[in-house]
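Take a look at the structure below.
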Amino acid sequence: MRFQQLMHVRRLASAAATTLMRRPTTGTTATTTMFPVTSHIATTVRTMAGSGAPIPELTQITDNVQRGNYATLTDKDVAHFEQLLGKNHVLTEDLEGYNICFLKRIRGNSKLVLKPANTAEVAAVLQYCNERRLAVVPQGGNTGLVGGSVPICDEIVLSLARLNKVISVDEVTGIAVVEAGCILENFDQKARDVGLTVPLDLGAKASCHIGGNVSTNAGGVRVVRYGNLHGSVLGVEAVLATGQVLDLMSNFKKDNTGYHMKHLFIGSEGTLGVVTKLSMLCPHSSRAVNVAFIGLNSFDDVLKTFVSAKRNLGEILSSCELIDERALNTALQQFKFLNSPISGYPFYMLIETSGSNGDHDEEKINQFIGDGMERGEIQDGTVTGDPGKVQEIWKIREMVPLGLIEKSFCFKYDISLPLRDFYNIVDVMRERCGPYATVVCGYGHLGDSNLHLNVSCEEFNDEIYKRVEPFVYEYTSKLKGSISAEHGIGFLKKDYLHYSKDPVAIGYMREMKRLLDPNGILNPYKVLN
Ligand code: FAD
Ligand code: MLT
Ligand code: ZN
């Protein structure tokens with residue numbers, strides 16, 4: 001059965017010239033090989049409620065956090081905010097969803113959520129909080145995975161959800177201007193309406209905000225093609241802790257007028273300012289998207305296939321993701337609507353191409369797969385250009401992180417490692433955790449050397465915790481990797497920052513924090529310890 005399918009892919013590779021005559025030159029490609037059709041795919045992560053783990057204890061207590069020297073909220077403060085924002089936008093009840101992080105690992109005890117509607121209101125809120133010494137945590141979609149988006153003690157939650165407009169999308173320049181609270185998927189839809197696409201895509205796109213993405217310098221599945229947000233974000237508007245509005249907006253790719261301060265707000269996780277608006281360079285949407293989902297027998301074959309993808313797919317390569325068998329199997333077990341086209345391999349790769357000429361791209365990807373099979377590096381797989389099937393394959397990848405937390409607690413690591421050593425840590429960690437863990441697996445953005453090492457267990461388990469940390473960070477540091485490839489430092493990794501940052505650099509980070517937020521009211525207890 002598999003062999004027949006394998007041959008089918010190979011035949012496609014050599015039949016590319018015929019295909020070229022047959023297929024339209026515009027629109028998405030529609031050829032699919034070897035794919036069992038599934039019909040009920042859950043909508044993206046819009047409805048995701050977070051981890052299936054039980055509600056955690058208050059983090060201030062479990063982690064013995066010394067509350068900073070901040071004022072305590074009074075009725076007078078609440079009345080002031082009600083006057084400023086309107087009663088409906090000042091929440092004092094049912095705050096659980098704002099206090100608990102997505103992974104149900106961190107739980108704060110905020111008594112107040114503020115929902116300003118525009119930059120001026122954000123500025124007025126922060127000016128008041130700074131004068132009163134009230135601590136504040138900026139919050140986007142609360143999909144962050146390092147405990148950065150929720151309070152640790154009783155900080156006020158500043159939700160950006162009402163700053164949700166796409167202000168402009170210019171199809172000529174490709175530049176879009178958007179408010180920080182716009183949901184990534186909505187922003188992308190507006191860009192697509194004029195033939196552009198947001199150069200960022202991640203599994204949480206239906207919930208996360210573009211401002212949250214910028215504040216975490218989110219990576220996702222397109223970095224291999226478009227680079228990270230330091231390149232795509234052309235300008236930002238940020239409100240400082242004092243309430244001062246810093247206008248760093250720019251509508252040009254090239255602007256060398258002095259220090260590039262916008263970069264301070266890309267990835268600083270709400271500790272230096274609140275991002276309220278940004279401009280972003282959006283590439284034109286690709287007319288042809290093809291996805292291959294392939295099975296491989298060893299990590300060595302994975303590396304060879306990656307090199308071959310770069311060499312042979314070149315400019316059309318738009319994603320290169322890895323999933324190991326435990327990660328895939330967990331997702332398949334948890335979500336019966338998922339349907340993997342292949343099974344039984346230790347490693348799977350999802351390789352996507354995006355280009356402007358469907359025939360050309362299809363020929364290239366089929367050739368690449370055919371050659372990989374002939375060399376014995378690729379064992380089996382599916383290639384499709386049918387938009388529905390492309391989505392189904394991506395759904396498998398997107399559901400992997402959710403599978404691991406569906407009914408479990410999960411310790412998640414997000415590390416950059418040299419590719420040759422990329423996967424070893426998964427085996428090492430499995431050995432270290434032994435029977436304490438239910439699943440130890442690895443997946444992630446192979447194309448960017450970014451591994452997601454995940455260790456799941458029935459519930460938070462101190463024994464596993466001690467076995468995994470700080471070992472995982474020491475291991476990463478020895479290989480000169482990064483302890484945070486894309487999720488950030490937040491609360492969970494702040495004590496480990498030194499494993500990836502030089503002490504002199506950390507010293508200057510502290511100075512910058514002091515300069516921009518003299519009273520330390522913005523997202524305390526995060527990033528720096
Ligand atoms: P939040 O979680 O609300 O906040 C994150 C941090 O940014 C916090 O420190 C917060 O204080 C700060 N912040 C938020 N908005 C602002 C603002 N306007 N101004 C200043 N600070 C602000 N991440 C990746 O990088 N790549 C992935 O592929 C990826 N996939 C994911 C898949 C799933 C299923 C889930 C649940 C998460 C995933 N993430 C991924 C993590 C998360 O989605 C990203 O970190 C995302 O960028 C967070 O956006 P958010 O709006 O939810 O921000
Ligand atoms: C992903 O790539 O799926 C995300 O970064 C989330 C995760 O690490 O699980
Ligand atoms: Zn990721």
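Identifiers in this document derive from the order of the structure tokens: chains are assigned A, B, ..., residues are numbered from 1 separately in each chain, and ligands are numbered from 1 in order of occurrence.
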
Give one line per residue of chain A that approaches ligand 2 to at most 10 Å, naming the two atoms of the closest pair and their distance in Å to one decimal, counting only C-alpha atoms and all ligand atoms; sort by chain then ascending residue number and deliver it as a Markdown table.
| residue | atom | partner | partner_atom_place_in_ligand_line | distance |
| --- | --- | --- | --- | --- |
| A:Thr143 | CA | ligand 2 | 6 (C) | 9.5 |
| A:Gly144 | CA | ligand 2 | 6 (C) | 9.1 |
| A:Leu145 | CA | ligand 2 | 6 (C) | 7.7 |
| A:Asp201 | CA | ligand 2 | 2 (O) | 9.9 |
| A:Leu202 | CA | ligand 2 | 1 (C) | 6.9 |
| A:Gly203 | CA | ligand 2 | 3 (O) | 6.0 |
| A:Ala204 | CA | ligand 2 | 4 (C) | 8.1 |
| A:Ala218 | CA | ligand 2 | 5 (O) | 8.4 |
| A:Gly219 | CA | ligand 2 | 5 (O) | 7.6 |
| A:Gly220 | CA | ligand 2 | 2 (O) | 5.9 |
| A:Val221 | CA | ligand 2 | 2 (O) | 7.1 |
| A:Glu321 | CA | ligand 2 | 2 (O) | 8.7 |
| A:Leu322 | CA | ligand 2 | 2 (O) | 9.8 |
| A:Ile323 | CA | ligand 2 | 3 (O) | 9.9 |
| A:Arg397 | CA | ligand 2 | 3 (O) | 7.2 |
| A:Glu398 | CA | ligand 2 | 3 (O) | 6.0 |
| A:Met399 | CA | ligand 2 | 3 (O) | 7.8 |
| A:Val400 | CA | ligand 2 | 3 (O) | 6.7 |
| A:Pro401 | CA | ligand 2 | 9 (O) | 4.1 |
| A:Leu402 | CA | ligand 2 | 9 (O) | 7.3 |
| A:Gly403 | CA | ligand 2 | 9 (O) | 9.4 |
| A:Leu404 | CA | ligand 2 | 9 (O) | 8.3 |
| A:Ile405 | CA | ligand 2 | 9 (O) | 9.2 |
| A:Cys410 | CA | ligand 2 | 9 (O) | 9.5 |
| A:Phe411 | CA | ligand 2 | 9 (O) | 9.9 |
| A:Lys412 | CA | ligand 2 | 8 (O) | 6.6 |
| A:Tyr413 | CA | ligand 2 | 8 (O) | 7.0 |
| A:Asp414 | CA | ligand 2 | 8 (O) | 6.1 |
| A:Ile415 | CA | ligand 2 | 8 (O) | 9.5 |
| A:Gly442 | CA | ligand 2 | 8 (O) | 9.5 |
| A:Tyr443 | CA | ligand 2 | 2 (O) | 7.6 |
| A:Gly444 | CA | ligand 2 | 2 (O) | 5.3 |
| A:His445 | CA | ligand 2 | 2 (O) | 6.6 |
| A:Asn450 | CA | ligand 2 | 2 (O) | 8.7 |
| A:Leu451 | CA | ligand 2 | 8 (O) | 8.2 |
| A:His452 | CA | ligand 2 | 8 (O) | 5.2 |
| A:Leu453 | CA | ligand 2 | 8 (O) | 7.8 |
| A:Asn454 | CA | ligand 2 | 9 (O) | 7.6 |
| A:Ala485 | CA | ligand 2 | 5 (O) | 9.1 |
| A:Glu486 | CA | ligand 2 | 5 (O) | 7.1 |
| A:His487 | CA | ligand 2 | 5 (O) | 6.8 |

- Task: Would you kindly return, as a list in words, each protein, DNA or RNA residue with an atom no farther than 10 Å from any atom of Asn290 in chain A, considering only C-alpha atoms and excluding same-chain residues fewer than 6 positions away?
- Result: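 After dropping sequence-adjacent residues, the list is Thr28, Thr29, Ala30, Thr31, Thr32, Ile316, Leu317, Ser318, Ile351, Glu352, Thr353, Ser354, Gly355, Gly358, Asp361, Glu362, Ile365, Asn366, Val383, Thr384, Gly385, Asp386, Pro387, Lys389 and Val390 of chain A.
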
- Task: Choose the residue, out of A:Ile210, A:Leu200, A:Met280, A:Val90, that has the smallest atom-to-atom separation from Asn142 in chain A; count only C-alpha atoms.
- Result: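 For Asn142 in chain A, the nearest of the candidates is A:Ile210.
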
- Of the listed residues A:Val136, A:Val468, A:Met509, A:Leu158, that which approaches Glu431 in chain A most closely, counting only C-alpha atoms: A:Val468

- Quick one: of A:Thr62, A:Ser340, A:Phe491, A:Val440, who's nearest to Cys101 in chain A, counting only C-alpha atoms?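 When distances to Cys101 in chain A are compared using only C-alpha atoms, the smallest one comes from A:Phe491.
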